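Structure record follows, encoded as structure tokens.
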Amino acid sequence: MTDKYLITVLPKNEVSDPQGEAILDSAHALGYPEIRSIRAGRSFLIETDGDPNRIAEISDKLLANPIVERFEVKAL
Amino acid sequence: MRFAVVVFPGSNCDKDCVRALRDVMGQDVAEVWHTETSLSGFDAVVLPGGFSYGDYLRCGAIARFSKIMRAVKEHADRGGLVLGICNGFQILVEAHLLPGALIRNRSLKFMCRPVWLKRERRDSLFTARGEDFLRLPIAHGEGQYFIDAEGYRKLEDEGRIAYRYEAPPGIEQAENPNGSVGRIAGILNAKGNILGMMPHPERACEEFTGGVTHGRWIFESMIAHLTGERAARAGIAA
């Protein structure tokens, strides 16, 4: 059976995220001063016929760089 | 000496590296496609700048898994020299041959300009020749070097910071072009035979590309080391 997973990759808290900051500035300029922070990342939608543990493995190995990013795997 | 310049799909400084090494430095140079599996017979390997695999996913993240990278690791394990320039540096950190990561410039801008660097190590295989301040071009969007506090201390304690962005006294320069931790522009591995750097020495080897030829110092250092090594081996054999 084919399973679907959504993998979200975000910069770690201690790593600067100039992209997120630029988007935050833009949100403020557009009249959303209440938004306190934006972190920009990437997401991946994966369909697999294999072992779900291997999704975390490939996320750690390829999709995210664990030195600067963290990831979350969500089964859909 | 025999140099390999590795070519990935999307490399765009490979020809510049070949020209600098062959035409300026007079070395024997071969371009090696990323699907090759061996680097035996080469004294030094250069991973050039560019946008390998279109910079998809993260810069260097896909090139890291190409066949040639296993050979690059074996070459480094044998003590061979590896120089990663710009995208080549990004590939080396993604491959964990060097610590840390290279992320988007603090300014979000692609920086393309000459910068001053200060040599922090005078005795490394890559930095022994030349002077303490070098003017080399940078051209990158993802050159902000990141490493955690513990990793940074280790780099400092072990003398593995090769270059920092810093101008000679009396010359003004924006303090940190990309936001790198410790203004790091280039680092060495623990064994000292791998150098990764964001600035481009191959673009500063001939007068007509900007008037300074400080890039030659890095290649001269590598060649001097390799020549000395070969002479020592010949001495032992004799």
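We label chains A, B, ... in the order they appear in the structure tokens, count residues from 1 in each chain, and number ligands from 1 in the order shown.
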
Give as a VMD selection string every residue of chain B that touches chain A within 8 Å, counting only C-alpha atoms. chain B and resid 57 61 to 62 94 100 to 101 104 to 108 146 to 147

Selection near His96 (chain B), 10 Å with only C-alpha atoms, sequence-local residues under 4 positions removed, as a list in words: Arg64, Lys73, Gln90, Ile91, Leu92, Gly100, Ala101 and Asn189 of chain B

Write out as a list in words the residues lying within 8 Å of Ser43 (chain A), counting only C-alpha atoms and excluding same-chain residues fewer than 3 positions away.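 Answer for this query is Leu6, Ile7, Thr8 and Val9 of chain A.
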
List every residue of chain A that DSSP, applied to the backbone of this structure, places in strand (DSSP E), and write the result as a compact mmCIF listing (two decimals) with C-alpha atoms, in the first residue's frame.
```txt
# COMPACT_ATOMS: atom_id res chain seq x y z
CA ASP A 3 1.60 5.86 2.13
CA LYS A 4 1.90 9.63 1.99
CA TYR A 5 4.13 11.75 4.17
CA LEU A 6 4.63 15.48 4.50
CA ILE A 7 8.15 16.44 5.56
CA THR A 8 8.68 19.97 6.79
CA VAL A 9 12.20 21.36 7.00
CA LEU A 10 12.91 24.57 8.94
CA PRO A 11 16.08 26.38 9.99
CA ARG A 42 10.75 23.79 2.59
CA SER A 43 8.28 20.96 2.50
CA PHE A 44 8.27 17.67 0.65
CA LEU A 45 5.33 15.42 -0.16
CA ILE A 46 6.49 11.82 -0.43
CA GLU A 47 4.60 8.75 -1.57
CA THR A 48 6.21 5.46 -0.64
CA GLU A 69 17.93 22.53 9.88
CA ARG A 70 15.36 20.43 11.72
CA PHE A 71 12.63 18.38 10.15
CA GLU A 72 9.26 16.91 11.02
CA VAL A 73 7.63 13.91 9.35
CA LYS A 74 3.84 13.79 9.29
CA ALA A 75 1.87 10.80 7.98
```

As a list in words, please: the residues near Ile85 (chain B) (cut-off 7 Å, only C-alpha atoms, same-chain neighbours under 5 positions excluded). Leu47, Pro48, Gly49, Gly196, Met197, Met198, Pro199 and His200 of chain B

Selection to disk with N, CA and C atoms, as a tab-separated table (two decimals), in the first residue's frame:
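Wrote it out as out35.tsv, contents follow:
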```tsv
chain	number	residue	atom	x	y	z
B	47	LEU	N	37.51	21.15	-6.53
B	47	LEU	CA	36.06	21.18	-6.75
B	47	LEU	C	35.73	22.64	-7.06
B	48	PRO	N	35.35	22.94	-8.29
B	48	PRO	CA	35.22	24.33	-8.70
B	48	PRO	C	33.87	24.95	-8.30
B	49	GLY	N	33.76	26.23	-8.53
B	49	GLY	CA	32.51	26.94	-8.23
B	49	GLY	C	31.46	26.72	-9.30
B	196	GLY	N	38.50	24.50	2.11
B	196	GLY	CA	37.28	25.00	1.47
B	196	GLY	C	37.26	26.51	1.64
B	197	MET	N	36.96	27.24	0.57
B	197	MET	CA	36.92	28.71	0.67
B	197	MET	C	35.87	29.27	-0.28
B	198	MET	N	35.20	30.35	0.14
B	198	MET	CA	34.21	30.98	-0.74
B	198	MET	C	34.86	31.86	-1.82
B	199	PRO	N	35.90	32.62	-1.53
B	199	PRO	CA	36.51	33.45	-2.59
B	199	PRO	C	37.17	32.59	-3.67
B	200	HIS	N	37.36	33.23	-4.83
B	200	HIS	CA	37.82	32.50	-6.02
B	200	HIS	C	39.28	32.81	-6.37
```

Taking the chain letters and numbering used in this document, name the residues of region 60-111 of chain B that DSSP puts in helix (DSSP H, G or I), as a tab-separated table (two decimals) with N, CA and C atoms, in the first residue's frame.
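Okay, this is what ended up in result-v8.tsv:
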```
chain	number	residue	atom	x	y	z
B	63	ALA	N	25.19	17.15	-5.31
B	63	ALA	CA	26.55	16.81	-5.79
B	63	ALA	C	27.27	15.92	-4.79
B	64	ARG	N	26.96	16.11	-3.53
B	64	ARG	CA	27.61	15.34	-2.47
B	64	ARG	C	27.47	13.83	-2.71
B	65	PHE	N	26.36	13.43	-3.30
B	65	PHE	CA	26.09	11.99	-3.48
B	65	PHE	C	26.54	11.49	-4.85
B	67	LYS	N	29.03	10.07	-7.81
B	67	LYS	CA	30.04	9.00	-7.72
B	67	LYS	C	31.43	9.53	-7.41
B	68	ILE	N	31.78	10.64	-8.01
B	68	ILE	CA	33.15	11.14	-7.85
B	68	ILE	C	33.45	11.49	-6.40
B	69	MET	N	32.42	11.82	-5.61
B	69	MET	CA	32.70	12.26	-4.25
B	69	MET	C	33.27	11.15	-3.37
B	70	ARG	N	32.93	9.90	-3.70
B	70	ARG	CA	33.55	8.79	-2.95
B	70	ARG	C	35.06	8.78	-3.24
B	71	ALA	N	35.39	9.03	-4.51
B	71	ALA	CA	36.80	9.07	-4.91
B	71	ALA	C	37.51	10.27	-4.28
B	72	VAL	N	36.79	11.39	-4.14
B	72	VAL	CA	37.38	12.57	-3.50
B	72	VAL	C	37.73	12.25	-2.05
B	73	LYS	N	36.81	11.54	-1.38
B	73	LYS	CA	37.06	11.17	0.02
B	73	LYS	C	38.27	10.23	0.11
B	74	GLU	N	38.32	9.25	-0.77
B	74	GLU	CA	39.46	8.31	-0.76
B	74	GLU	C	40.77	9.05	-1.02
B	75	HIS	N	40.72	9.97	-1.97
B	75	HIS	CA	41.91	10.78	-2.29
B	75	HIS	C	42.37	11.56	-1.05
B	76	ALA	N	41.40	12.15	-0.34
B	76	ALA	CA	41.73	12.92	0.87
B	76	ALA	C	42.25	11.99	1.97
B	77	ASP	N	41.64	10.80	2.09
B	77	ASP	CA	42.09	9.85	3.11
B	77	ASP	C	43.54	9.40	2.86
B	87	ASN	N	31.13	26.90	-4.68
B	87	ASN	CA	30.24	25.74	-4.68
B	87	ASN	C	31.01	24.48	-4.26
B	88	GLY	N	32.29	24.43	-4.58
B	88	GLY	CA	33.12	23.30	-4.15
B	88	GLY	C	33.22	23.23	-2.63
B	89	PHE	N	33.30	24.39	-1.98
B	89	PHE	CA	33.30	24.47	-0.50
B	89	PHE	C	31.94	23.98	0.02
B	90	GLN	N	30.87	24.43	-0.64
B	90	GLN	CA	29.53	24.01	-0.22
B	90	GLN	C	29.39	22.49	-0.32
B	91	ILE	N	29.95	21.91	-1.37
B	91	ILE	CA	29.88	20.45	-1.54
B	91	ILE	C	30.67	19.76	-0.43
B	92	LEU	N	31.84	20.30	-0.08
B	92	LEU	CA	32.67	19.69	0.96
B	92	LEU	C	31.99	19.71	2.33
B	93	VAL	N	31.26	20.78	2.65
B	93	VAL	CA	30.56	20.79	3.95
B	93	VAL	C	29.34	19.87	3.91
B	94	GLU	N	28.64	19.84	2.78
B	94	GLU	CA	27.51	18.90	2.68
B	94	GLU	C	27.99	17.46	2.80
```

Could you pull the residues within 9 Å of Leu226 (chain B), counting only C-alpha atoms, minus those fewer than 4 positions along the same chain, as a PyMOL selection string? chain B and resi 1+43-44+81+125+221-222+230-231

Hey, what's within 12 Å of Ser124 (chain B) if we count only C-alpha atoms and toss same-chain stuff fewer than 4 positions away? As a list in words, please?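 Residues meeting the cut-off are Leu81, Arg119, Glu120, Ala128, Arg129, Gly130, Gly159, Arg160, Ile161, Ala162, Tyr163, Ile187, Leu188, Asn189, Ala190, Lys191, Gly192, Asn193, Ile194, Leu195, Ile218, Ser221, Met222, Ala224 and His225 of chain B.
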
Tell me which protein, DNA and RNA residues are within 8 Å of region 140-144 of chain B, counting only C-alpha atoms, leaving out same-chain ones fewer than 4 positions away, and put them as a PyMOL selection string. chain B and resi 59+86+102-106+108-112+178-181+198
